[in-house]
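Have a look at input_39.pdb below; it lists PDB, C-alpha atoms and all ligand atoms.
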```
ATOM      1  CA  MET A   1     -25.250  14.843  32.369  1.00  0.00           C
ATOM      2  CA  PHE A   2     -22.406  13.758  34.615  1.00  0.00           C
ATOM      3  CA  VAL A   3     -22.586  12.999  38.300  1.00  0.00           C
ATOM      4  CA  ILE A   4     -19.837  12.862  40.863  1.00  0.00           C
ATOM      5  CA  VAL A   5     -19.357   9.597  42.723  1.00  0.00           C
ATOM      6  CA  PRO A   6     -16.366   8.917  44.956  1.00  0.00           C
ATOM      7  CA  GLY A   7     -13.225   9.729  43.032  1.00  0.00           C
ATOM      8  CA  ARG A   8     -14.655  10.108  39.546  1.00  0.00           C
ATOM      9  CA  CYS A   9     -17.087  11.690  37.170  1.00  0.00           C
ATOM     10  CA  ARG A  10     -19.783   9.322  35.862  1.00  0.00           C
ATOM     11  CA  ARG A  11     -22.849   9.586  33.694  1.00  0.00           C
ATOM     12  CA  SER A  12     -25.998   8.970  35.678  1.00  0.00           C
ATOM     13  CA  GLU A  13     -27.176   6.305  33.217  1.00  0.00           C
ATOM     14  CA  ASP A  14     -24.017   4.267  33.809  1.00  0.00           C
ATOM     15  CA  LEU A  15     -24.645   3.864  37.506  1.00  0.00           C
ATOM     16  CA  PRO A  16     -26.442   0.767  38.746  1.00  0.00           C
ATOM     17  CA  PRO A  17     -30.168   1.717  38.669  1.00  0.00           C
ATOM     18  CA  PHE A  18     -30.775   1.368  42.396  1.00  0.00           C
ATOM     19  CA  TYR A  19     -27.701   3.492  43.222  1.00  0.00           C
ATOM     20  CA  ALA A  20     -28.687   6.195  40.775  1.00  0.00           C
ATOM     21  CA  LEU A  21     -32.229   6.224  42.093  1.00  0.00           C
ATOM     22  CA  LEU A  22     -31.149   6.472  45.725  1.00  0.00           C
ATOM     23  CA  ILE A  23     -28.645   9.244  45.206  1.00  0.00           C
ATOM     24  CA  PHE A  24     -29.746  11.001  42.037  1.00  0.00           C
ATOM     25  CA  PRO A  25     -33.496  10.458  41.848  1.00  0.00           C
ATOM     26  CA  ALA A  26     -34.261  12.747  38.916  1.00  0.00           C
ATOM     27  CA  MET A  27     -30.992  12.928  37.002  1.00  0.00           C
ATOM     28  CA  PRO A  28     -31.732  13.684  33.358  1.00  0.00           C
ATOM     29  CA  ARG A  29     -29.813  12.037  30.517  1.00  0.00           C
ATOM     30  CA  GLU A  30     -27.485  14.145  28.446  1.00  0.00           C
ATOM     31  CA  SER A  31     -29.575  15.707  25.697  1.00  0.00           C
ATOM     32  CA  THR A  32     -28.385  15.824  22.079  1.00  0.00           C
ATOM     33  CA  ALA A  33     -27.823  19.564  22.392  1.00  0.00           C
ATOM     34  CA  GLU A  34     -25.743  19.043  25.543  1.00  0.00           C
ATOM     35  CA  LYS A  35     -23.741  16.310  23.831  1.00  0.00           C
ATOM     36  CA  ILE A  36     -23.050  18.529  20.810  1.00  0.00           C
ATOM     37  CA  ALA A  37     -21.942  21.346  23.140  1.00  0.00           C
ATOM     38  CA  ARG A  38     -19.669  18.963  25.054  1.00  0.00           C
ATOM     39  CA  THR A  39     -18.259  17.617  21.775  1.00  0.00           C
ATOM     40  CA  GLN A  40     -17.435  21.160  20.740  1.00  0.00           C
ATOM     41  CA  LYS A  41     -15.521  21.667  23.991  1.00  0.00           C
ATOM     42  CA  ILE A  42     -13.649  18.390  23.436  1.00  0.00           C
ATOM     43  CA  LEU A  43     -12.734  19.506  19.900  1.00  0.00           C
ATOM     44  CA  SER A  44     -11.473  22.881  21.128  1.00  0.00           C
ATOM     45  CA  ALA A  45      -9.406  21.253  23.866  1.00  0.00           C
ATOM     46  CA  LEU A  46      -7.851  18.644  21.583  1.00  0.00           C
ATOM     47  CA  LYS A  47      -7.119  21.297  18.975  1.00  0.00           C
ATOM     48  CA  ARG A  48      -5.148  23.216  21.627  1.00  0.00           C
ATOM     49  CA  VAL A  49      -3.316  20.076  22.785  1.00  0.00           C
ATOM     50  CA  TYR A  50      -2.514  18.778  19.282  1.00  0.00           C
ATOM     51  CA  PRO A  51      -2.242  21.836  17.007  1.00  0.00           C
ATOM     52  CA  ASP A  52      -0.106  19.875  14.541  1.00  0.00           C
ATOM     53  CA  ALA A  53      -2.166  16.684  14.419  1.00  0.00           C
ATOM     54  CA  HIS A  54      -1.906  15.081  11.012  1.00  0.00           C
ATOM     55  CA  CYS A  55      -1.937  11.761   9.221  1.00  0.00           C
ATOM     56  CA  GLU A  56       1.092   9.823  10.459  1.00  0.00           C
ATOM     57  CA  LEU A  57       1.417   7.710   7.324  1.00  0.00           C
ATOM     58  CA  ASN A  58       4.265   9.228   5.300  1.00  0.00           C
ATOM     59  CA  HIS A  59       3.226  10.129   1.766  1.00  0.00           C
ATOM     60  CA  ALA A  60       4.043  12.608  -0.967  1.00  0.00           C
ATOM     61  CA  SER A  61       1.054  12.029  -3.260  1.00  0.00           C
ATOM     62  CA  PRO A  62      -2.550  10.737  -3.180  1.00  0.00           C
ATOM     63  CA  LEU A  63      -1.330   7.442  -4.700  1.00  0.00           C
ATOM     64  CA  GLN A  64       1.249   6.961  -1.958  1.00  0.00           C
ATOM     65  CA  LEU A  65      -1.343   7.695   0.720  1.00  0.00           C
ATOM     66  CA  LEU A  66      -3.748   5.233  -0.869  1.00  0.00           C
ATOM     67  CA  VAL A  67      -1.134   2.472  -0.935  1.00  0.00           C
ATOM     68  CA  ALA A  68       0.065   3.271   2.603  1.00  0.00           C
ATOM     69  CA  THR A  69      -3.493   3.181   3.932  1.00  0.00           C
ATOM     70  CA  ILE A  70      -4.150  -0.211   2.322  1.00  0.00           C
ATOM     71  CA  LEU A  71      -0.970  -1.458   4.013  1.00  0.00           C
ATOM     72  CA  SER A  72      -1.954   0.009   7.390  1.00  0.00           C
ATOM     73  CA  ALA A  73      -4.730  -2.527   8.024  1.00  0.00           C
ATOM     74  CA  GLN A  74      -3.795  -4.466  11.177  1.00  0.00           C
ATOM     75  CA  CYS A  75      -0.373  -2.813  11.150  1.00  0.00           C
ATOM     76  CA  THR A  76       1.262   0.139  12.887  1.00  0.00           C
ATOM     77  CA  ASP A  77       1.919   3.379  10.995  1.00  0.00           C
ATOM     78  CA  LYS A  78       5.550   3.093  12.049  1.00  0.00           C
ATOM     79  CA  ARG A  79       5.954  -0.271  10.333  1.00  0.00           C
ATOM     80  CA  VAL A  80       4.095   0.941   7.221  1.00  0.00           C
ATOM     81  CA  ASN A  81       6.397   3.973   7.012  1.00  0.00           C
ATOM     82  CA  MET A  82       9.441   1.712   7.155  1.00  0.00           C
ATOM     83  CA  VAL A  83       8.073  -0.404   4.324  1.00  0.00           C
ATOM     84  CA  THR A  84       6.886   2.457   2.120  1.00  0.00           C
ATOM     85  CA  ALA A  85      10.213   4.290   2.441  1.00  0.00           C
ATOM     86  CA  GLU A  86      11.658   1.583   0.169  1.00  0.00           C
ATOM     87  CA  LEU A  87       8.484   0.668  -1.721  1.00  0.00           C
ATOM     88  CA  PHE A  88       7.900   4.178  -3.065  1.00  0.00           C
ATOM     89  CA  LYS A  89      11.477   4.413  -4.339  1.00  0.00           C
ATOM     90  CA  LYS A  90      10.887   1.361  -6.486  1.00  0.00           C
ATOM     91  CA  TYR A  91       7.285   1.926  -7.605  1.00  0.00           C
ATOM     92  CA  ARG A  92       6.544   5.541  -8.428  1.00  0.00           C
ATOM     93  CA  THR A  93       3.320   5.338 -10.437  1.00  0.00           C
ATOM     94  CA  ALA A  94       0.168   3.244 -10.557  1.00  0.00           C
ATOM     95  CA  LYS A  95       1.558   1.719 -13.762  1.00  0.00           C
ATOM     96  CA  ASP A  96       4.728   0.630 -11.917  1.00  0.00           C
ATOM     97  CA  PHE A  97       2.611  -1.296  -9.375  1.00  0.00           C
ATOM     98  CA  THR A  98       0.481  -2.754 -12.177  1.00  0.00           C
ATOM     99  CA  ASN A  99       3.439  -4.020 -14.186  1.00  0.00           C
ATOM    100  CA  ALA A 100       5.431  -5.446 -11.283  1.00  0.00           C
ATOM    101  CA  PRO A 101       5.390  -9.215 -10.633  1.00  0.00           C
ATOM    102  CA  LEU A 102       2.930  -9.820  -7.809  1.00  0.00           C
ATOM    103  CA  ALA A 103       5.492 -11.882  -5.881  1.00  0.00           C
ATOM    104  CA  GLU A 104       7.836  -8.899  -5.872  1.00  0.00           C
ATOM    105  CA  ILE A 105       5.218  -6.627  -4.272  1.00  0.00           C
ATOM    106  CA  GLU A 106       4.356  -9.391  -1.796  1.00  0.00           C
ATOM    107  CA  GLU A 107       7.968  -9.612  -0.710  1.00  0.00           C
ATOM    108  CA  ALA A 108       8.234  -5.834  -0.377  1.00  0.00           C
ATOM    109  CA  VAL A 109       5.169  -5.529   1.891  1.00  0.00           C
ATOM    110  CA  LYS A 110       5.595  -8.821   3.749  1.00  0.00           C
ATOM    111  CA  SER A 111       6.350  -7.322   7.163  1.00  0.00           C
ATOM    112  CA  THR A 112       3.026  -5.419   7.278  1.00  0.00           C
ATOM    113  CA  GLY A 113       1.110  -8.702   7.657  1.00  0.00           C
ATOM    114  CA  PHE A 114      -1.669 -10.141   5.443  1.00  0.00           C
ATOM    115  CA  PHE A 115       0.833  -9.395   2.675  1.00  0.00           C
ATOM    116  CA  ARG A 116      -0.649 -11.598  -0.049  1.00  0.00           C
ATOM    117  CA  ASN A 117      -4.019  -9.895   0.161  1.00  0.00           C
ATOM    118  CA  LYS A 118      -2.506  -6.452   0.498  1.00  0.00           C
ATOM    119  CA  ALA A 119      -0.181  -6.929  -2.494  1.00  0.00           C
ATOM    120  CA  LYS A 120      -3.057  -8.254  -4.602  1.00  0.00           C
ATOM    121  CA  ASN A 121      -5.290  -5.364  -3.614  1.00  0.00           C
ATOM    122  CA  ILE A 122      -2.592  -2.782  -4.317  1.00  0.00           C
ATOM    123  CA  GLN A 123      -1.977  -4.223  -7.755  1.00  0.00           C
ATOM    124  CA  ASN A 124      -5.669  -4.573  -8.660  1.00  0.00           C
ATOM    125  CA  CYS A 125      -6.384  -1.122  -7.299  1.00  0.00           C
ATOM    126  CA  CYS A 126      -3.546   0.398  -9.340  1.00  0.00           C
ATOM    127  CA  ARG A 127      -4.682  -1.484 -12.442  1.00  0.00           C
ATOM    128  CA  ALA A 128      -8.117   0.131 -12.096  1.00  0.00           C
ATOM    129  CA  LEU A 129      -6.481   3.537 -11.600  1.00  0.00           C
ATOM    130  CA  VAL A 130      -4.554   3.081 -14.854  1.00  0.00           C
ATOM    131  CA  GLU A 131      -7.520   1.714 -16.812  1.00  0.00           C
ATOM    132  CA  LYS A 132     -10.235   4.053 -15.545  1.00  0.00           C
ATOM    133  CA  PHE A 133      -8.586   7.192 -14.187  1.00  0.00           C
ATOM    134  CA  GLY A 134      -5.431   7.716 -16.249  1.00  0.00           C
ATOM    135  CA  GLY A 135      -3.301   6.545 -13.324  1.00  0.00           C
ATOM    136  CA  GLU A 136      -4.689   9.220 -10.977  1.00  0.00           C
ATOM    137  CA  VAL A 137      -6.531   8.693  -7.692  1.00  0.00           C
ATOM    138  CA  PRO A 138     -10.207   9.683  -8.016  1.00  0.00           C
ATOM    139  CA  ARG A 139     -11.764  12.223  -5.655  1.00  0.00           C
ATOM    140  CA  THR A 140     -15.153  10.757  -4.824  1.00  0.00           C
ATOM    141  CA  MET A 141     -16.218   8.243  -2.196  1.00  0.00           C
ATOM    142  CA  GLU A 142     -18.076   6.144  -4.801  1.00  0.00           C
ATOM    143  CA  GLU A 143     -15.101   5.847  -7.161  1.00  0.00           C
ATOM    144  CA  LEU A 144     -12.617   5.167  -4.382  1.00  0.00           C
ATOM    145  CA  HIS A 145     -14.854   2.684  -2.615  1.00  0.00           C
ATOM    146  CA  ALA A 146     -15.142   0.658  -5.831  1.00  0.00           C
ATOM    147  CA  LEU A 147     -11.366   0.060  -5.925  1.00  0.00           C
ATOM    148  CA  ALA A 148      -9.835  -3.202  -4.677  1.00  0.00           C
ATOM    149  CA  GLY A 149      -8.981  -3.121  -0.982  1.00  0.00           C
ATOM    150  CA  VAL A 150     -10.547   0.307  -0.448  1.00  0.00           C
ATOM    151  CA  GLY A 151     -13.248   0.450   2.190  1.00  0.00           C
ATOM    152  CA  ARG A 152     -14.978   3.528   3.509  1.00  0.00           C
ATOM    153  CA  LYS A 153     -12.238   4.113   6.078  1.00  0.00           C
ATOM    154  CA  THR A 154      -9.437   4.104   3.488  1.00  0.00           C
ATOM    155  CA  ALA A 155     -11.482   6.329   1.175  1.00  0.00           C
ATOM    156  CA  ASN A 156     -12.072   8.785   4.034  1.00  0.00           C
ATOM    157  CA  VAL A 157      -8.332   8.865   4.819  1.00  0.00           C
ATOM    158  CA  VAL A 158      -7.435   9.611   1.194  1.00  0.00           C
ATOM    159  CA  LEU A 159     -10.199  12.156   0.574  1.00  0.00           C
ATOM    160  CA  GLY A 160      -9.573  14.003   3.822  1.00  0.00           C
ATOM    161  CA  ASN A 161      -5.789  14.019   3.834  1.00  0.00           C
ATOM    162  CA  ALA A 162      -4.778  14.029   0.171  1.00  0.00           C
ATOM    163  CA  PHE A 163      -7.567  16.260  -1.151  1.00  0.00           C
ATOM    164  CA  GLY A 164      -8.962  18.091   1.892  1.00  0.00           C
ATOM    165  CA  ILE A 165     -12.447  16.710   1.197  1.00  0.00           C
ATOM    166  CA  ASN A 166     -14.526  15.912   4.291  1.00  0.00           C
ATOM    167  CA  VAL A 167     -16.924  13.162   3.281  1.00  0.00           C
ATOM    168  CA  GLY A 168     -16.888  11.208   6.514  1.00  0.00           C
ATOM    169  CA  VAL A 169     -15.078  10.447   9.745  1.00  0.00           C
ATOM    170  CA  VAL A 170     -12.252   7.908   9.767  1.00  0.00           C
ATOM    171  CA  VAL A 171     -13.184   5.257  12.328  1.00  0.00           C
ATOM    172  CA  ASP A 172     -10.221   3.170  13.401  1.00  0.00           C
ATOM    173  CA  THR A 173      -9.454   1.366  16.642  1.00  0.00           C
ATOM    174  CA  HIS A 174      -8.524   4.606  18.471  1.00  0.00           C
ATOM    175  CA  VAL A 175     -11.580   6.516  17.280  1.00  0.00           C
ATOM    176  CA  THR A 176     -13.777   3.573  18.288  1.00  0.00           C
ATOM    177  CA  ARG A 177     -12.250   3.316  21.768  1.00  0.00           C
ATOM    178  CA  LEU A 178     -12.189   7.031  22.515  1.00  0.00           C
ATOM    179  CA  SER A 179     -15.645   7.862  21.188  1.00  0.00           C
ATOM    180  CA  ASN A 180     -17.014   5.104  23.462  1.00  0.00           C
ATOM    181  CA  ARG A 181     -15.047   6.231  26.522  1.00  0.00           C
ATOM    182  CA  LEU A 182     -16.035   9.827  25.887  1.00  0.00           C
ATOM    183  CA  GLY A 183     -19.683   8.824  25.573  1.00  0.00           C
ATOM    184  CA  LEU A 184     -19.984  10.332  22.093  1.00  0.00           C
ATOM    185  CA  ALA A 185     -20.994   7.083  20.402  1.00  0.00           C
ATOM    186  CA  LYS A 186     -21.596   3.520  21.408  1.00  0.00           C
ATOM    187  CA  GLY A 187     -20.473   0.120  20.153  1.00  0.00           C
ATOM    188  CA  THR A 188     -17.959  -1.144  17.618  1.00  0.00           C
ATOM    189  CA  ASP A 189     -19.936  -1.000  14.372  1.00  0.00           C
ATOM    190  CA  ALA A 190     -17.789   1.409  12.327  1.00  0.00           C
ATOM    191  CA  VAL A 191     -20.650   2.424  10.034  1.00  0.00           C
ATOM    192  CA  LYS A 192     -22.925   3.341  12.938  1.00  0.00           C
ATOM    193  CA  LEU A 193     -20.123   5.029  14.882  1.00  0.00           C
ATOM    194  CA  GLU A 194     -19.281   7.158  11.870  1.00  0.00           C
ATOM    195  CA  GLN A 195     -22.920   8.183  11.400  1.00  0.00           C
ATOM    196  CA  ASP A 196     -23.244   9.111  15.084  1.00  0.00           C
ATOM    197  CA  LEU A 197     -19.998  11.102  15.109  1.00  0.00           C
ATOM    198  CA  MET A 198     -20.930  12.958  11.907  1.00  0.00           C
ATOM    199  CA  LYS A 199     -24.022  14.254  13.708  1.00  0.00           C
ATOM    200  CA  LEU A 200     -21.941  15.653  16.579  1.00  0.00           C
ATOM    201  CA  VAL A 201     -18.900  17.088  14.793  1.00  0.00           C
ATOM    202  CA  PRO A 202     -19.021  19.968  12.276  1.00  0.00           C
ATOM    203  CA  GLN A 203     -18.216  18.687   8.771  1.00  0.00           C
ATOM    204  CA  ASN A 204     -15.196  20.972   8.411  1.00  0.00           C
ATOM    205  CA  ASP A 205     -13.596  19.183  11.363  1.00  0.00           C
ATOM    206  CA  TRP A 206     -14.277  15.568  10.327  1.00  0.00           C
ATOM    207  CA  THR A 207     -10.732  14.809   9.149  1.00  0.00           C
ATOM    208  CA  LEU A 208      -9.019  16.636  12.004  1.00  0.00           C
ATOM    209  CA  PHE A 209     -11.390  15.139  14.551  1.00  0.00           C
ATOM    210  CA  SER A 210     -10.123  11.670  13.654  1.00  0.00           C
ATOM    211  CA  HIS A 211      -6.520  12.852  13.951  1.00  0.00           C
ATOM    212  CA  TRP A 212      -7.178  14.444  17.333  1.00  0.00           C
ATOM    213  CA  LEU A 213      -8.751  11.266  18.698  1.00  0.00           C
ATOM    214  CA  ILE A 214      -6.029   9.075  17.179  1.00  0.00           C
ATOM    215  CA  TRP A 215      -3.273  11.300  18.590  1.00  0.00           C
ATOM    216  CA  HIS A 216      -4.942  11.399  21.997  1.00  0.00           C
ATOM    217  CA  GLY A 217      -5.423   7.634  21.890  1.00  0.00           C
ATOM    218  CA  ARG A 218      -1.751   7.076  21.131  1.00  0.00           C
ATOM    219  CA  ARG A 219      -0.404   9.594  23.607  1.00  0.00           C
ATOM    220  CA  ARG A 220      -2.838   9.638  26.531  1.00  0.00           C
ATOM    221  CA  CYS A 221      -5.868   7.358  26.234  1.00  0.00           C
ATOM    222  CA  ASP A 222      -4.106   4.030  25.853  1.00  0.00           C
ATOM    223  CA  ALA A 223      -6.244   0.941  25.273  1.00  0.00           C
ATOM    224  CA  ARG A 224      -5.030  -0.821  28.421  1.00  0.00           C
ATOM    225  CA  LYS A 225      -3.789   2.005  30.634  1.00  0.00           C
ATOM    226  CA  PRO A 226      -5.478   5.326  29.939  1.00  0.00           C
ATOM    227  CA  ASP A 227      -3.753   8.166  31.775  1.00  0.00           C
ATOM    228  CA  CYS A 228      -6.969   9.752  33.042  1.00  0.00           C
ATOM    229  CA  ALA A 229      -5.235  11.523  35.930  1.00  0.00           C
ATOM    230  CA  ASN A 230      -3.231  13.671  33.522  1.00  0.00           C
ATOM    231  CA  CYS A 231      -5.764  13.799  30.702  1.00  0.00           C
ATOM    232  CA  GLU A 232      -6.395  17.234  29.218  1.00  0.00           C
ATOM    233  CA  ILE A 233     -10.087  16.469  28.644  1.00  0.00           C
ATOM    234  CA  GLN A 234     -10.753  14.618  31.885  1.00  0.00           C
ATOM    235  CA  ASN A 235     -13.434  17.106  32.928  1.00  0.00           C
ATOM    236  CA  LEU A 236     -15.314  16.418  29.685  1.00  0.00           C
ATOM    237  CA  CYS A 237     -15.046  12.640  29.809  1.00  0.00           C
ATOM    238  CA  PRO A 238     -17.337  10.182  31.612  1.00  0.00           C
ATOM    239  CA  GLN A 239     -14.634   7.492  31.205  1.00  0.00           C
ATOM    240  CA  ILE A 240     -17.176   4.919  30.127  1.00  0.00           C
ATOM    241  CA  GLY A 241     -15.837   1.388  30.430  1.00  0.00           C
ATOM    242  CA  VAL A 242     -12.517   2.482  31.960  1.00  0.00           C
ATOM    243  CA  LYS A 243     -11.503   0.102  34.715  1.00  0.00           C
ATOM    244  CA  LYS A 244     -10.216   1.746  37.888  1.00  0.00           C
TER     245      LYS A 244
HETATM  246  S1  LIG B 301      -7.535   9.246  29.230  1.00  0.00           S
HETATM  247 FE1  LIG B 301      -9.333   8.896  30.557  1.00  0.00          FE
HETATM  248  S2  LIG B 301     -10.255  10.920  30.826  1.00  0.00           S
HETATM  249 FE2  LIG B 301      -8.891  11.023  29.027  1.00  0.00          FE
HETATM  250  S3  LIG B 301     -10.181  10.606  27.263  1.00  0.00           S
HETATM  251 FE3  LIG B 301      -9.294   8.662  27.927  1.00  0.00          FE
HETATM  252  S4  LIG B 301     -10.814   7.769  29.302  1.00  0.00           S
HETATM  253 FE4  LIG B 301     -11.311   9.935  29.089  1.00  0.00          FE
END
```

structure tokens encoding of this file:
Amino acid sequence: MFVIVPGRCRRSEDLPPFYALLIFPAMPRESTAEKIARTQKILSALKRVYPDAHCELNHASPLQLLVATILSAQCTDKRVNMVTAELFKKYRTAKDFTNAPLAEIEEAVKSTGFFRNKAKNIQNCCRALVEKFGGEVPRTMEELHALAGVGRKTANVVLGNAFGINVGVVVDTHVTRLSNRLGLAKGTDAVKLEQDLMKLVPQNDWTLFSHWLIWHGRRRCDARKPDCANCEIQNLCPQIGVKK
């Protein structure tokens, strides 16, 4: 449950204990059912605000999305898109990446940062695709997760966006920040955050939910300067941890 204190909406449990006791002596915590209902309202609102939300990594195939997502670690989507615009002209199949000299791939992806690791992972990943899956990207979490450089987040991105399969929720820096501020989940452990969010959000919406939070994070709920005054979901947000 939220309570009103001068100038803002706060959850009762986030107030200093003595203050909460003095002013709101019997304020109940938000129940799971209340949190699910609030989450549903947040989803509906974000869906209205961002009807076209989608993965902002440019790609024309599951393989391209897989490579782009590996490159997106610690890098902006904008930079990745600049790099892949050239990369995908040169390497069109998993076999192309496998056969290329590693130094050549390193040079091509250099500006995305951590380029040696990323190039090695892309090549090893593509080698496994060629050897085990006929050059195609597999469609299960287990198979994807076993590939070089593919963690649960990357697998979720590929499954959700290339194949429309909702196996989990993509937890990136925006999803972490917003789910904390919104009081939907707590902490920075991606595995735990994902589990908590999966309990609140209907499975059909898992992929879009990540997009909505990522889009809102980029456009309204900035890490340093969230625009709460103009936020479309302000009335649903306890603004946990937001400095005034
Ligand atoms: S901008 Fe403010 S009100 Fe909106 S989601 Fe972020 S913290 Fe909540």

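Atom to atom, atom CA of Thr207 of chain A and atom CA of Gly160 of chain A stand 5.5 Å apart.
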
> Mind telling me what the PyMOL selection byres (((not hetatm)) within 10 of (chain B and resi 301)) catches here, as a VMD selection string?
Replying inline: chain A and resid 8 to 9 42 177 to 183 213 216 to 217 219 to 223 225 to 243

>> Report, in Å with one decimal, the straight-line distance from atom CA of Lys118 of chain A to atom CA of Glu106 of chain A.
In response: 7.8 Å

>> Using Å and a single decimal, report how far atom CA of Phe163 of chain A sits from atom CA of Leu46 of chain A.
In response: 22.9 Å

> Which residues come within 12 Å of Leu43 of chain A, counting only C-alpha atoms, excluding same-chain residues fewer than 2 positions away, as a PyMOL selection string?
Replying inline: chain A and resi 36-41+45-51+182+184+200-202+204-213+216+232-233+236

> Counting all atoms listed in the file, what is within 6 Å of segment 75-82 of chain A, bar same-chain residues fewer than 3 positions away, as a ChimeraX atom specification?
Replying inline: /A:57-58,72,85,112

>> Please expand the PyMOL selection byres (((chain A and resi 141) around 9) and not hetatm) into the concrete residues it hits in this file, giving the result as a VMD selection string.
In response: chain A and resid 138 to 140 142 to 146 152 155 to 156 159 167

Write the residues of the selection above to a file with C-alpha atoms, as a short mmCIF file (atom, residue, chain, number, x, y, z; two decimals), in the frame of the given file.
```
data_model
loop_
_atom_site.label_atom_id
_atom_site.label_comp_id
_atom_site.auth_asym_id
_atom_site.auth_seq_id
_atom_site.Cartn_x
_atom_site.Cartn_y
_atom_site.Cartn_z
CA PRO A 138 -10.21 9.68 -8.02
CA ARG A 139 -11.76 12.22 -5.66
CA THR A 140 -15.15 10.76 -4.82
CA GLU A 142 -18.08 6.14 -4.80
CA GLU A 143 -15.10 5.85 -7.16
CA LEU A 144 -12.62 5.17 -4.38
CA HIS A 145 -14.85 2.68 -2.62
CA ALA A 146 -15.14 0.66 -5.83
CA ARG A 152 -14.98 3.53 3.51
CA ALA A 155 -11.48 6.33 1.18
CA ASN A 156 -12.07 8.78 4.03
CA LEU A 159 -10.20 12.16 0.57
CA VAL A 167 -16.92 13.16 3.28
#
```

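Shortest atom-to-atom contact with Asn121 of chain A among A:Gln195, A:Glu34, A:Leu147, A:Val171: A:Leu147, counting all atoms listed in the file.
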
>> Nearest residue to Leu193 of chain A out of A:Lys153, A:Thr84, A:Ile165, A:Pro101, using only C-alpha atoms?
In response: A:Lys153

With the file shown as input, list the residues that the PyMOL selection byres (((chain A and resi 136) around 9) and not hetatm) selects, as a PDB file with C-alpha atoms, in the frame of the given file.
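Once everything was written out, this is result_22.pdb:
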```pdb
ATOM      1  CA  PRO A  62      -2.550  10.737  -3.180  1.00  0.00           C
ATOM      2  CA  LEU A  63      -1.330   7.442  -4.700  1.00  0.00           C
ATOM      3  CA  THR A  93       3.320   5.338 -10.437  1.00  0.00           C
ATOM      4  CA  ALA A  94       0.168   3.244 -10.557  1.00  0.00           C
ATOM      5  CA  LEU A 129      -6.481   3.537 -11.600  1.00  0.00           C
ATOM      6  CA  VAL A 130      -4.554   3.081 -14.854  1.00  0.00           C
ATOM      7  CA  LYS A 132     -10.235   4.053 -15.545  1.00  0.00           C
ATOM      8  CA  PHE A 133      -8.586   7.192 -14.187  1.00  0.00           C
ATOM      9  CA  GLY A 134      -5.431   7.716 -16.249  1.00  0.00           C
ATOM     10  CA  GLY A 135      -3.301   6.545 -13.324  1.00  0.00           C
ATOM     11  CA  VAL A 137      -6.531   8.693  -7.692  1.00  0.00           C
ATOM     12  CA  PRO A 138     -10.207   9.683  -8.016  1.00  0.00           C
TER      13      PRO A 138
END
```

>> Within 9 Å of (-12.6, 1.1, 12.3) in the file's own coordinates, which protein, DNA or RNA residues have an atom, counting all atoms listed in the file? List them as a ChimeraX atom specification.
In response: /A:153,170-176,188-191,193

For segment 220-231 of chain A, where the input has fewer atoms than it should, I would like N, CA and C atoms rebuilt and written as an mmCIF file, in the coordinates of the input.
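Produced file selection.cif, reproduced below:
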```cif
data_model
loop_
_atom_site.group_PDB
_atom_site.id
_atom_site.type_symbol
_atom_site.label_atom_id
_atom_site.label_comp_id
_atom_site.auth_asym_id
_atom_site.auth_seq_id
_atom_site.Cartn_x
_atom_site.Cartn_y
_atom_site.Cartn_z
ATOM 1 N N ARG A 220 -2.257 9.500 25.194
ATOM 2 C CA ARG A 220 -2.838 9.638 26.531
ATOM 3 C C ARG A 220 -3.846 8.533 26.864
ATOM 4 N N CYS A 221 -4.751 8.264 25.931
ATOM 5 C CA CYS A 221 -5.868 7.358 26.234
ATOM 6 C C CYS A 221 -5.582 5.960 25.693
ATOM 7 N N ASP A 222 -4.563 5.358 26.274
ATOM 8 C CA ASP A 222 -4.106 4.030 25.853
ATOM 9 C C ASP A 222 -5.219 2.986 26.037
ATOM 10 N N ALA A 223 -5.198 1.968 25.194
ATOM 11 C CA ALA A 223 -6.244 0.941 25.273
ATOM 12 C C ALA A 223 -6.256 0.266 26.641
ATOM 13 N N ARG A 224 -5.075 -0.094 27.149
ATOM 14 C CA ARG A 224 -5.030 -0.821 28.421
ATOM 15 C C ARG A 224 -4.888 0.098 29.624
ATOM 16 N N LYS A 225 -4.071 1.145 29.475
ATOM 17 C CA LYS A 225 -3.789 2.005 30.634
ATOM 18 C C LYS A 225 -4.009 3.476 30.302
ATOM 19 N N PRO A 226 -5.244 3.902 30.223
ATOM 20 C CA PRO A 226 -5.478 5.326 29.939
ATOM 21 C C PRO A 226 -4.982 6.184 31.095
ATOM 22 N N ASP A 227 -4.333 7.278 30.760
ATOM 23 C CA ASP A 227 -3.753 8.166 31.775
ATOM 24 C C ASP A 227 -4.774 9.248 32.132
ATOM 25 N N CYS A 228 -5.867 8.820 32.753
ATOM 26 C CA CYS A 228 -6.969 9.752 33.042
ATOM 27 C C CYS A 228 -6.530 10.864 33.996
ATOM 28 N N ALA A 229 -5.644 10.535 34.921
ATOM 29 C CA ALA A 229 -5.235 11.523 35.930
ATOM 30 C C ALA A 229 -4.597 12.747 35.283
ATOM 31 N N ASN A 230 -3.914 12.543 34.179
ATOM 32 C CA ASN A 230 -3.231 13.671 33.522
ATOM 33 C C ASN A 230 -3.910 14.088 32.219
ATOM 34 N N CYS A 231 -5.101 13.567 31.989
ATOM 35 C CA CYS A 231 -5.764 13.799 30.702
ATOM 36 C C CYS A 231 -6.287 15.237 30.598
#
```
